[in-house]
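Listing of data-v7.json, JSON, C-alpha atoms
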```
[["chain", "number", "residue", "atom", "x", "y", "z"],
["A", 124, "MET", "CA", 66.70, 134.75, 109.99],
["A", 125, "VAL", "CA", 69.96, 132.86, 109.48],
["A", 126, "GLN", "CA", 69.30, 129.56, 107.80],
["A", 127, "ASP", "CA", 70.97, 126.34, 108.83],
["A", 128, "THR", "CA", 73.29, 125.56, 105.92],
["A", 129, "ALA", "CA", 74.74, 122.33, 107.32],
["A", 130, "THR", "CA", 74.65, 119.23, 105.18],
["A", 131, "PRO", "CA", 71.08, 117.86, 105.23],
["A", 132, "ILE", "CA", 70.76, 114.88, 107.52],
["A", 133, "PRO", "CA", 69.41, 111.72, 105.90],
["A", 134, "PRO", "CA", 66.81, 109.52, 107.59],
["A", 135, "PRO", "CA", 68.42, 107.02, 109.96],
["A", 136, "ALA", "CA", 69.00, 103.62, 108.44],
["A", 137, "VAL", "CA", 67.84, 102.01, 111.68],
["A", 138, "ALA", "CA", 65.90, 103.22, 114.69],
["A", 139, "LEU", "CA", 67.86, 104.34, 117.71],
["A", 140, "ASP", "CA", 68.68, 101.58, 120.13],
["A", 141, "GLU", "CA", 66.22, 101.91, 123.01],
["A", 142, "ALA", "CA", 68.21, 99.46, 125.12],
["A", 143, "VAL", "CA", 70.93, 102.05, 125.85],
["A", 144, "PRO", "CA", 70.71, 105.60, 127.22],
["A", 145, "ALA", "CA", 69.36, 108.00, 124.60],
["A", 146, "TYR", "CA", 72.54, 110.08, 124.44],
["A", 147, "LYS", "CA", 74.60, 106.94, 123.76],
["A", 148, "ALA", "CA", 72.28, 105.96, 120.91],
["A", 149, "ILE", "CA", 72.57, 109.47, 119.48],
["A", 150, "GLN", "CA", 76.35, 109.30, 119.70],
["A", 151, "LYS", "CA", 76.34, 106.08, 117.68],
["A", 152, "PHE", "CA", 74.07, 107.69, 115.09],
["A", 153, "ILE", "CA", 76.41, 110.68, 114.77],
["A", 154, "LEU", "CA", 79.49, 108.46, 114.52],
["A", 155, "ASP", "CA", 77.87, 106.38, 111.77],
["A", 156, "LEU", "CA", 77.02, 109.63, 110.01],
["A", 157, "ILE", "CA", 80.47, 111.21, 110.09],
["A", 158, "ARG", "CA", 82.23, 107.97, 109.18],
["A", 159, "GLY", "CA", 80.11, 107.65, 106.06],
["A", 160, "PRO", "CA", 81.09, 108.78, 102.56],
["A", 161, "ASP", "CA", 79.40, 112.19, 102.78],
["A", 162, "TYR", "CA", 81.58, 113.65, 105.52],
["A", 163, "GLY", "CA", 85.26, 114.38, 105.90],
["A", 164, "PRO", "CA", 87.70, 116.36, 108.07],
["A", 165, "GLY", "CA", 86.56, 119.93, 108.59],
["A", 166, "ASP", "CA", 82.93, 119.29, 107.62],
["A", 167, "ARG", "CA", 80.19, 120.70, 109.84],
["A", 168, "ILE", "CA", 77.65, 118.25, 111.23],
["A", 169, "PRO", "CA", 73.92, 119.07, 111.44],
["A", 170, "SER", "CA", 72.85, 121.42, 114.20],
["A", 171, "GLU", "CA", 71.52, 120.27, 117.56],
["A", 172, "ARG", "CA", 68.07, 121.43, 116.47],
["A", 173, "ALA", "CA", 68.18, 119.48, 113.22],
["A", 174, "LEU", "CA", 69.37, 116.34, 114.99],
["A", 175, "ALA", "CA", 66.75, 116.67, 117.71],
["A", 176, "GLU", "CA", 63.96, 117.01, 115.15],
["A", 177, "GLN", "CA", 65.27, 114.16, 113.02],
["A", 178, "LEU", "CA", 65.72, 111.75, 115.92],
["A", 179, "GLY", "CA", 62.71, 112.78, 117.96],
["A", 180, "LYS", "CA", 64.80, 113.68, 121.02],
["A", 181, "ASN", "CA", 65.14, 116.87, 123.02],
["A", 182, "ARG", "CA", 68.03, 119.23, 122.36],
["A", 183, "MET", "CA", 69.54, 118.78, 125.85],
["A", 184, "THR", "CA", 69.99, 115.06, 125.17],
["A", 185, "VAL", "CA", 71.50, 115.78, 121.76],
["A", 186, "ARG", "CA", 73.82, 118.34, 123.35],
["A", 187, "LYS", "CA", 74.96, 115.79, 125.95],
["A", 188, "ALA", "CA", 75.74, 113.33, 123.16],
["A", 189, "ILE", "CA", 77.75, 115.90, 121.21],
["A", 190, "ASP", "CA", 79.55, 117.07, 124.36],
["A", 191, "GLY", "CA", 80.75, 113.50, 124.89],
["A", 192, "LEU", "CA", 82.09, 113.26, 121.34],
["A", 193, "VAL", "CA", 83.81, 116.63, 121.71],
["A", 194, "ALA", "CA", 85.45, 115.43, 124.93],
["A", 195, "GLN", "CA", 86.78, 112.38, 123.05],
["A", 196, "GLY", "CA", 88.23, 114.59, 120.33],
["A", 197, "LEU", "CA", 85.90, 113.16, 117.68],
["A", 198, "LEU", "CA", 84.15, 116.51, 117.16],
["A", 199, "GLU", "CA", 85.09, 120.11, 117.86],
["A", 200, "ARG", "CA", 82.98, 123.17, 118.55],
["A", 201, "ASN", "CA", 83.47, 126.64, 117.16],
["A", 202, "SER", "CA", 81.46, 129.60, 118.48],
["A", 203, "THR", "CA", 80.85, 130.92, 114.98],
["A", 204, "SER", "CA", 80.75, 127.89, 112.72],
["A", 205, "GLY", "CA", 79.03, 125.16, 114.71],
["A", 206, "THR", "CA", 80.30, 121.66, 115.39],
["A", 207, "ARG", "CA", 82.75, 120.12, 112.97],
["A", 208, "ILE", "CA", 84.79, 117.00, 112.37],
["A", 209, "PRO", "CA", 88.34, 117.91, 113.47],
["A", 210, "MET", "CA", 91.08, 118.30, 110.92],
["A", 211, "PRO", "CA", 93.94, 115.81, 111.31],
["A", 212, "ARG", "CA", 96.77, 117.00, 113.55],
["A", 213, "VAL", "CA", 99.49, 115.58, 111.29],
["A", 214, "MET", "CA", 99.53, 116.28, 107.55],
["A", 215, "ARG", "CA", 102.07, 113.87, 106.09],
["A", 216, "PRO", "CA", 103.38, 114.87, 102.66],
["A", 217, "ILE", "CA", 104.01, 112.00, 100.28],
["A", 218, "ASP", "CA", 106.22, 113.88, 97.84],
["A", 219, "ALA", "CA", 109.64, 112.37, 97.26],
["A", 220, "ARG", "CA", 111.73, 115.02, 99.03],
["A", 221, "THR", "CA", 109.37, 116.12, 101.77],
["A", 222, "SER", "CA", 108.12, 112.86, 103.28],
["A", 223, "LEU", "CA", 111.12, 111.94, 105.43],
["A", 224, "GLY", "CA", 111.32, 112.77, 109.12],
["A", 225, "ILE", "CA", 108.11, 112.55, 111.13],
["A", 226, "THR", "CA", 109.53, 114.91, 113.78],
["A", 227, "ARG", "CA", 110.02, 117.65, 111.23],
["A", 228, "ILE", "CA", 106.56, 117.02, 109.75],
["A", 229, "ILE", "CA", 104.84, 117.33, 113.13],
["A", 230, "GLN", "CA", 106.82, 120.41, 114.11],
["A", 231, "SER", "CA", 106.08, 122.12, 110.79],
["A", 232, "GLY", "CA", 102.39, 121.93, 111.70],
["A", 233, "GLY", "CA", 103.00, 123.81, 114.94],
["A", 234, "SER", "CA", 102.71, 120.75, 117.20],
["A", 235, "VAL", "CA", 105.13, 119.03, 119.56],
["A", 236, "ALA", "CA", 106.56, 115.68, 118.43],
["A", 237, "GLY", "CA", 107.52, 112.90, 120.81],
["A", 238, "ASN", "CA", 108.45, 109.25, 120.51],
["A", 239, "LYS", "CA", 109.07, 106.12, 122.53],
["A", 240, "LEU", "CA", 111.31, 103.26, 121.47],
["A", 241, "LEU", "CA", 109.21, 100.10, 121.76],
["A", 242, "HIS", "CA", 111.63, 97.50, 120.41],
["A", 243, "PHE", "CA", 115.20, 97.20, 119.11],
["A", 244, "GLU", "CA", 117.07, 94.13, 117.92],
["A", 245, "GLN", "CA", 119.59, 92.73, 115.49],
["A", 246, "THR", "CA", 117.88, 89.99, 113.54],
["A", 247, "ARG", "CA", 117.77, 88.35, 110.12],
["A", 248, "ALA", "CA", 115.72, 89.55, 107.19],
["A", 249, "SER", "CA", 112.55, 87.70, 106.29],
["A", 250, "ALA", "CA", 111.85, 87.04, 102.64],
["A", 251, "GLN", "CA", 109.57, 90.07, 102.44],
["A", 252, "VAL", "CA", 112.00, 92.46, 104.14],
["A", 253, "ALA", "CA", 114.90, 91.12, 102.09],
["A", 254, "GLU", "CA", 112.99, 91.81, 98.89],
["A", 255, "HIS", "CA", 112.38, 95.42, 99.89],
["A", 256, "LEU", "CA", 116.02, 95.94, 100.88],
["A", 257, "GLN", "CA", 117.36, 94.01, 97.88],
["A", 258, "ILE", "CA", 119.43, 91.72, 100.07],
["A", 259, "LYS", "CA", 119.50, 87.97, 100.59],
["A", 260, "GLU", "CA", 116.92, 86.40, 102.86],
["A", 261, "GLY", "CA", 118.50, 85.79, 106.26],
["A", 262, "SER", "CA", 120.92, 88.70, 105.96],
["A", 263, "GLU", "CA", 121.64, 90.54, 109.20],
["A", 264, "ILE", "CA", 119.54, 93.65, 109.76],
["A", 265, "VAL", "CA", 118.65, 96.08, 112.52],
["A", 266, "MET", "CA", 114.93, 96.28, 113.31],
["A", 267, "PHE", "CA", 113.36, 98.81, 115.65],
["A", 268, "ARG", "CA", 109.87, 100.10, 116.37],
["A", 269, "ARG", "CA", 108.89, 103.54, 117.68],
["A", 270, "LEU", "CA", 105.61, 105.04, 118.84],
["A", 271, "TRP", "CA", 105.24, 108.67, 117.72],
["A", 272, "THR", "CA", 103.07, 111.24, 119.44],
["A", 273, "VAL", "CA", 101.69, 114.65, 118.51],
["A", 274, "ASN", "CA", 101.15, 116.85, 121.57],
["A", 275, "ASP", "CA", 101.45, 113.69, 123.71],
["A", 276, "THR", "CA", 98.73, 111.87, 121.74],
["A", 277, "PRO", "CA", 99.82, 108.67, 119.92],
["A", 278, "CYS", "CA", 99.56, 109.15, 116.16],
["A", 279, "CYS", "CA", 101.64, 106.42, 114.47],
["A", 280, "ILE", "CA", 103.81, 103.36, 114.99],
["A", 281, "GLU", "CA", 106.82, 103.00, 112.70],
["A", 282, "THR", "CA", 108.87, 99.83, 112.25],
["A", 283, "SER", "CA", 112.20, 100.24, 110.45],
["A", 284, "HIS", "CA", 114.49, 97.63, 108.91],
["A", 285, "ILE", "CA", 118.06, 98.57, 107.93],
["A", 286, "PRO", "CA", 120.89, 96.34, 106.67],
["A", 287, "LEU", "CA", 123.29, 95.88, 109.57],
["A", 288, "GLY", "CA", 126.29, 96.43, 107.33],
["A", 289, "LEU", "CA", 125.20, 100.04, 106.73],
["A", 290, "VAL", "CA", 124.91, 100.93, 110.43],
["A", 291, "PRO", "CA", 127.57, 99.05, 112.43],
["A", 292, "GLY", "CA", 127.39, 99.90, 116.10],
["A", 293, "LEU", "CA", 123.86, 101.32, 115.98],
["A", 294, "ALA", "CA", 122.29, 100.67, 119.38],
["A", 295, "ALA", "CA", 118.99, 101.23, 121.13],
["A", 296, "GLU", "CA", 120.53, 104.06, 123.13],
["A", 297, "ASP", "CA", 121.04, 105.99, 119.89],
["A", 298, "LEU", "CA", 117.27, 106.21, 119.40],
["A", 299, "MET", "CA", 115.87, 106.38, 122.92],
["A", 300, "ALA", "CA", 116.12, 110.15, 123.26],
["A", 301, "GLY", "CA", 114.18, 110.85, 120.10],
["A", 302, "GLN", "CA", 117.13, 111.31, 117.77],
["A", 303, "SER", "CA", 116.43, 111.62, 114.08],
["A", 304, "LEU", "CA", 117.25, 108.40, 112.26],
["A", 305, "TYR", "CA", 118.13, 110.27, 109.10],
["A", 306, "GLY", "CA", 120.32, 112.64, 111.09],
["A", 307, "LEU", "CA", 122.21, 109.63, 112.46],
["A", 308, "LEU", "CA", 122.56, 108.10, 109.01],
["A", 309, "ARG", "CA", 123.95, 111.36, 107.68],
["A", 310, "ASP", "CA", 126.19, 112.45, 110.54],
["A", 311, "ARG", "CA", 127.56, 109.11, 111.77],
["A", 312, "TYR", "CA", 127.48, 106.94, 108.68],
["A", 313, "GLY", "CA", 127.73, 109.45, 105.87],
["A", 314, "ILE", "CA", 124.52, 108.23, 104.26],
["A", 315, "GLY", "CA", 122.38, 110.86, 102.59],
["A", 316, "THR", "CA", 118.83, 109.69, 101.95],
["A", 317, "VAL", "CA", 116.13, 110.37, 99.42],
["A", 318, "THR", "CA", 112.80, 108.60, 99.29],
["A", 319, "GLY", "CA", 111.91, 105.98, 96.78],
["A", 320, "GLU", "CA", 108.79, 103.94, 96.35],
["A", 321, "ARG", "CA", 105.92, 104.25, 98.81],
["A", 322, "GLN", "CA", 102.54, 102.58, 99.16],
["A", 323, "ILE", "CA", 99.57, 103.91, 101.14],
["A", 324, "SER", "CA", 96.61, 101.72, 101.97],
["A", 325, "VAL", "CA", 93.97, 101.04, 104.61],
["A", 326, "ALA", "CA", 94.40, 97.98, 106.81],
["A", 327, "ALA", "CA", 93.34, 96.74, 110.21],
["A", 328, "GLY", "CA", 96.04, 97.25, 112.81],
["A", 329, "SER", "CA", 97.05, 94.44, 115.13],
["A", 330, "ASP", "CA", 95.59, 94.34, 118.62],
["A", 331, "MET", "CA", 98.85, 95.77, 119.95],
["A", 332, "GLU", "CA", 98.88, 98.60, 117.40],
["A", 333, "ALA", "CA", 95.24, 99.47, 118.07],
["A", 334, "ARG", "CA", 95.88, 99.54, 121.83],
["A", 335, "LEU", "CA", 98.94, 101.76, 121.50],
["A", 336, "LEU", "CA", 97.06, 104.19, 119.24],
["A", 337, "GLY", "CA", 94.02, 104.26, 121.53],
["A", 338, "LEU", "CA", 91.75, 102.62, 118.96],
["A", 339, "PRO", "CA", 89.22, 99.78, 119.29],
["A", 340, "ALA", "CA", 90.54, 96.36, 118.33],
["A", 341, "GLY", "CA", 90.27, 95.71, 114.61],
["A", 342, "SER", "CA", 90.10, 99.41, 113.71],
["A", 343, "ALA", "CA", 91.14, 100.41, 110.20],
["A", 344, "CYS", "CA", 94.40, 102.37, 110.09],
["A", 345, "LEU", "CA", 96.31, 104.22, 107.40],
["A", 346, "LEU", "CA", 99.26, 102.05, 106.41],
["A", 347, "LEU", "CA", 102.38, 103.49, 104.78],
["A", 348, "ARG", "CA", 105.11, 101.25, 103.37],
["A", 349, "LEU", "CA", 108.22, 103.19, 102.49],
["A", 350, "GLU", "CA", 111.47, 102.20, 100.81],
["A", 351, "VAL", "CA", 114.30, 104.69, 101.38],
["A", 352, "TYR", "CA", 117.35, 104.91, 99.12],
["A", 353, "ASP", "CA", 120.63, 106.76, 99.38],
["A", 354, "GLU", "CA", 121.91, 109.15, 96.75],
["A", 355, "GLN", "CA", 123.40, 106.29, 94.76],
["A", 356, "GLY", "CA", 120.11, 104.40, 94.65],
["A", 357, "ARG", "CA", 121.12, 101.85, 97.29],
["A", 358, "PRO", "CA", 118.29, 100.62, 99.58],
["A", 359, "VAL", "CA", 118.84, 102.01, 103.08],
["A", 360, "GLU", "CA", 115.59, 101.39, 104.96],
["A", 361, "TYR", "CA", 112.29, 99.57, 104.63],
["A", 362, "MET", "CA", 109.72, 101.12, 106.95],
["A", 363, "ARG", "CA", 106.14, 100.18, 107.84],
["A", 364, "SER", "CA", 104.10, 102.97, 109.43],
["A", 365, "VAL", "CA", 100.68, 102.41, 111.02],
["A", 366, "ASN", "CA", 98.85, 105.75, 111.34],
["A", 367, "HIS", "CA", 95.85, 106.82, 113.44],
["A", 368, "PRO", "CA", 93.08, 107.54, 110.89],
["A", 369, "GLY", "CA", 91.66, 110.42, 112.91],
["A", 370, "LEU", "CA", 94.95, 112.19, 113.53],
["A", 371, "VAL", "CA", 96.95, 111.69, 110.35],
["A", 372, "MET", "CA", 96.22, 112.61, 106.75],
["A", 373, "PHE", "CA", 98.44, 112.12, 103.71],
["A", 374, "LYS", "CA", 98.67, 114.91, 101.17],
["A", 375, "THR", "CA", 100.43, 115.74, 97.93],
["A", 376, "SER", "CA", 101.74, 119.10, 96.83],
["A", 377, "LYS", "CA", 99.85, 121.17, 94.29],
["A", 378, "ALA", "CA", 100.10, 119.73, 90.83],
["A", 379, "GLU", "CA", 99.14, 121.08, 87.46],
["A", 380, "MET", "CA", 96.08, 119.32, 86.09],
["A", 381, "THR", "CA", 95.94, 118.58, 82.39],
["A", 382, "ALA", "CA", 93.14, 117.20, 80.27]]
```
Is it possible to express this structure as structure tokens?
Amino acid sequence: MVQDTATPIPPPAVALDEAVPAYKAIQKFILDLIRGPDYGPGDRIPSERALAEQLGKNRMTVRKAIDGLVAQGLLERNSTSGTRIPMPRVMRPIDARTSLGITRIIQSGGSVAGNKLLHFEQTRASAQVAEHLQIKEGSEIVMFRRLWTVNDTPCCIETSHIPLGLVPGLAAEDLMAGQSLYGLLRDRYGIGTVTGERQISVAAGSDMEARLLGLPAGSACLLLRLEVYDEQGRPVEYMRSVNHPGLVMFKTSKAEMTA
């Protein structure tokens, strides 16, 4: 007999909510389980049988609950390896010379990248933006925001700030067809870019960001702050990227470990 080798399921912290349909209560239990510290992308969840026994429900109800989570993309089924937490669709490298260009990153994973320009304006730098760009507060900058998709599913929102003096004549039309920003900087303005300092953290997205990414209000997102420099070390761009936590994962390249 083949044994069930899935991660053992712990006793529920609370009883299932009897005020909602049983499959809905089971879905909440599973979501709490996979969002806990013991599970991560690619991990297999307990079998339908194990869940049914643990929760005191029949397997058809458990299957209905899992089917609903699969339909939402929160779980995926495999005929040979059970039901698993999906791997992120976008693996964003954070290494200095491989982290630029979200289009290239998405395409390298075999997916189709898309984007929509949400906002474009010439404005003046706030104190925070000016500090990142090493310019005076109130200096003229270009600010634009784009929503990026992977296979037509929203995955991140990126807001860029660039000193206006570096990109005279840059207009919304230059970015509406999905053009590469770094391609424009290189080809039109002669600016070659390398990455500089970056910060990755977890933060709640705004209501607008959550809505655009298809997340509940107040959801935690992966936040990337990136400062981009040219080959002479001059600040070129300050970018804030809000990433869908279920679709995007940050990774480093292999590194030698020393004691």
Coordinates-based distance that separates atom CA of A:Leu370 from atom CA of A:Met214 (Å, one decimal):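 Answer for the atom CA of A:Met214 to atom CA of A:Leu370 separation: 8.6 Å.
Between atom CA of A:Gly315 and atom CA of A:Glu354 lies a distance of 6.1 Å.
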Near-A:Arg269 list (9 Å; all atoms listed in the file; drop same-chain fewer than 5 positions) as a VMD selection string: chain A and resid 238 to 242 279 to 283 298
Among listed residues A:Leu349, A:Ala295, A:Ala250, A:Val193, nearest A:Thr318 (using all atoms listed in the file): A:Leu349
Atom pair atom CA of A:Gly319 / atom CA of A:Asp353: separation (Å):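 Going from atom CA of A:Gly319 over to atom CA of A:Asp353 covers 9.1 Å.
Using all atoms listed in the file, the residues found no farther than 9 Å from A:Ser342, other than those of its own chain fewer than 4 positions away, are Ala326, Ala327, Gly328, Ser329, Asp330, Ala333 and Leu338 of chain A.
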Near-A:Val273 list (7 Å; all atoms listed in the file; drop same-chain fewer than 3 positions) as a list in words: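 Residues meeting the cut-off are Ile229, Ser234, Val235, Ala236, Gly237, Thr276, Pro277 and Cys278 of chain A.
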Counting only C-alpha atoms, the residue of A:Ala188, A:Met210, A:Ile168, A:Leu287 that sits nearest A:Lys151: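 Looking only at the distances to A:Lys151, the closest residue turns out to be A:Ala188.
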Assuming the input is short of atoms at stretch 171-182 of chain A, produce all heavy atoms for that part as a PDB file, in the frame of the given file.
```pdb
ATOM      1  N   GLU A 171      72.242 120.969 116.488  1.00  0.00           N
ATOM      2  CA  GLU A 171      71.520 120.270 117.560  1.00  0.00           C
ATOM      3  C   GLU A 171      70.027 120.245 117.264  1.00  0.00           C
ATOM      4  O   GLU A 171      69.359 119.225 117.476  1.00  0.00           O
ATOM      5  CB  GLU A 171      71.783 120.956 118.899  1.00  0.00           C
ATOM      6  CG  GLU A 171      73.209 120.820 119.409  1.00  0.00           C
ATOM      7  CD  GLU A 171      73.416 121.576 120.708  1.00  0.00           C
ATOM      8  OE1 GLU A 171      72.413 122.134 121.230  1.00  0.00           O
ATOM      9  OE2 GLU A 171      74.552 121.622 121.206  1.00  0.00           O
ATOM     10  N   ARG A 172      69.503 121.364 116.772  1.00  0.00           N
ATOM     11  CA  ARG A 172      68.070 121.430 116.470  1.00  0.00           C
ATOM     12  C   ARG A 172      67.686 120.439 115.387  1.00  0.00           C
ATOM     13  O   ARG A 172      66.690 119.713 115.517  1.00  0.00           O
ATOM     14  CB  ARG A 172      67.692 122.842 116.034  1.00  0.00           C
ATOM     15  CG  ARG A 172      66.202 123.014 115.724  1.00  0.00           C
ATOM     16  CD  ARG A 172      65.910 124.409 115.218  1.00  0.00           C
ATOM     17  NE  ARG A 172      66.597 124.651 113.949  1.00  0.00           N
ATOM     18  CZ  ARG A 172      66.613 125.837 113.346  1.00  0.00           C
ATOM     19  NH1 ARG A 172      66.043 126.886 113.908  1.00  0.00           N
ATOM     20  NH2 ARG A 172      67.240 125.973 112.189  1.00  0.00           N
ATOM     21  N   ALA A 173      68.501 120.387 114.308  1.00  0.00           N
ATOM     22  CA  ALA A 173      68.180 119.480 113.220  1.00  0.00           C
ATOM     23  C   ALA A 173      68.243 118.023 113.672  1.00  0.00           C
ATOM     24  O   ALA A 173      67.379 117.208 113.313  1.00  0.00           O
ATOM     25  CB  ALA A 173      69.145 119.709 112.051  1.00  0.00           C
ATOM     26  N   LEU A 174      69.262 117.700 114.484  1.00  0.00           N
ATOM     27  CA  LEU A 174      69.370 116.340 114.990  1.00  0.00           C
ATOM     28  C   LEU A 174      68.206 115.993 115.915  1.00  0.00           C
ATOM     29  O   LEU A 174      67.648 114.889 115.848  1.00  0.00           O
ATOM     30  CB  LEU A 174      70.705 116.163 115.724  1.00  0.00           C
ATOM     31  CG  LEU A 174      71.951 116.072 114.842  1.00  0.00           C
ATOM     32  CD1 LEU A 174      73.207 116.203 115.686  1.00  0.00           C
ATOM     33  CD2 LEU A 174      71.973 114.760 114.066  1.00  0.00           C
ATOM     34  N   ALA A 175      67.853 116.920 116.787  1.00  0.00           N
ATOM     35  CA  ALA A 175      66.750 116.670 117.710  1.00  0.00           C
ATOM     36  C   ALA A 175      65.447 116.413 116.962  1.00  0.00           C
ATOM     37  O   ALA A 175      64.683 115.490 117.301  1.00  0.00           O
ATOM     38  CB  ALA A 175      66.594 117.849 118.665  1.00  0.00           C
ATOM     39  N   GLU A 176      65.189 117.197 115.933  1.00  0.00           N
ATOM     40  CA  GLU A 176      63.960 117.010 115.150  1.00  0.00           C
ATOM     41  C   GLU A 176      64.002 115.695 114.383  1.00  0.00           C
ATOM     42  O   GLU A 176      62.996 114.982 114.308  1.00  0.00           O
ATOM     43  CB  GLU A 176      63.792 118.180 114.181  1.00  0.00           C
ATOM     44  CG  GLU A 176      63.486 119.509 114.873  1.00  0.00           C
ATOM     45  CD  GLU A 176      63.420 120.665 113.896  1.00  0.00           C
ATOM     46  OE1 GLU A 176      63.716 120.443 112.693  1.00  0.00           O
ATOM     47  OE2 GLU A 176      63.077 121.789 114.327  1.00  0.00           O
ATOM     48  N   GLN A 177      65.147 115.382 113.805  1.00  0.00           N
ATOM     49  CA  GLN A 177      65.270 114.160 113.020  1.00  0.00           C
ATOM     50  C   GLN A 177      65.105 112.908 113.876  1.00  0.00           C
ATOM     51  O   GLN A 177      64.463 111.942 113.463  1.00  0.00           O
ATOM     52  CB  GLN A 177      66.629 114.133 112.330  1.00  0.00           C
ATOM     53  CG  GLN A 177      66.922 112.855 111.564  1.00  0.00           C
ATOM     54  CD  GLN A 177      66.028 112.687 110.353  1.00  0.00           C
ATOM     55  OE1 GLN A 177      65.633 113.677 109.747  1.00  0.00           O
ATOM     56  NE2 GLN A 177      65.696 111.461 110.022  1.00  0.00           N
ATOM     57  N   LEU A 178      65.691 112.936 115.073  1.00  0.00           N
ATOM     58  CA  LEU A 178      65.720 111.750 115.920  1.00  0.00           C
ATOM     59  C   LEU A 178      64.595 111.704 116.938  1.00  0.00           C
ATOM     60  O   LEU A 178      64.441 110.720 117.654  1.00  0.00           O
ATOM     61  CB  LEU A 178      67.073 111.669 116.640  1.00  0.00           C
ATOM     62  CG  LEU A 178      68.308 111.614 115.714  1.00  0.00           C
ATOM     63  CD1 LEU A 178      69.577 111.638 116.537  1.00  0.00           C
ATOM     64  CD2 LEU A 178      68.268 110.391 114.822  1.00  0.00           C
ATOM     65  N   GLY A 179      63.825 112.764 117.008  1.00  0.00           N
ATOM     66  CA  GLY A 179      62.710 112.780 117.960  1.00  0.00           C
ATOM     67  C   GLY A 179      63.158 112.850 119.396  1.00  0.00           C
ATOM     68  O   GLY A 179      62.500 112.286 120.282  1.00  0.00           O
ATOM     69  N   LYS A 180      64.274 113.532 119.666  1.00  0.00           N
ATOM     70  CA  LYS A 180      64.800 113.680 121.020  1.00  0.00           C
ATOM     71  C   LYS A 180      64.907 115.160 121.353  1.00  0.00           C
ATOM     72  O   LYS A 180      64.909 116.020 120.468  1.00  0.00           O
ATOM     73  CB  LYS A 180      66.180 113.019 121.140  1.00  0.00           C
ATOM     74  CG  LYS A 180      66.194 111.533 120.797  1.00  0.00           C
ATOM     75  CD  LYS A 180      65.355 110.718 121.757  1.00  0.00           C
ATOM     76  CE  LYS A 180      65.406 109.238 121.406  1.00  0.00           C
ATOM     77  NZ  LYS A 180      64.571 108.423 122.323  1.00  0.00           N
ATOM     78  N   ASN A 181      65.012 115.461 122.654  1.00  0.00           N
ATOM     79  CA  ASN A 181      65.140 116.870 123.020  1.00  0.00           C
ATOM     80  C   ASN A 181      66.572 117.350 122.826  1.00  0.00           C
ATOM     81  O   ASN A 181      67.522 116.567 122.793  1.00  0.00           O
ATOM     82  CB  ASN A 181      64.664 117.107 124.465  1.00  0.00           C
ATOM     83  CG  ASN A 181      65.537 116.394 125.492  1.00  0.00           C
ATOM     84  OD1 ASN A 181      66.709 116.692 125.640  1.00  0.00           O
ATOM     85  ND2 ASN A 181      64.942 115.437 126.208  1.00  0.00           N
ATOM     86  N   ARG A 182      66.726 118.668 122.694  1.00  0.00           N
ATOM     87  CA  ARG A 182      68.030 119.230 122.360  1.00  0.00           C
ATOM     88  C   ARG A 182      69.043 119.028 123.484  1.00  0.00           C
ATOM     89  O   ARG A 182      70.247 118.910 123.221  1.00  0.00           O
ATOM     90  CB  ARG A 182      67.885 120.720 122.044  1.00  0.00           C
ATOM     91  CG  ARG A 182      67.220 120.975 120.702  1.00  0.00           C
ATOM     92  CD  ARG A 182      67.187 122.447 120.356  1.00  0.00           C
ATOM     93  NE  ARG A 182      68.519 123.024 120.221  1.00  0.00           N
ATOM     94  CZ  ARG A 182      68.750 124.285 119.853  1.00  0.00           C
ATOM     95  NH1 ARG A 182      67.727 125.097 119.585  1.00  0.00           N
ATOM     96  NH2 ARG A 182      69.983 124.751 119.755  1.00  0.00           N
TER      97      ARG A 182
END
```
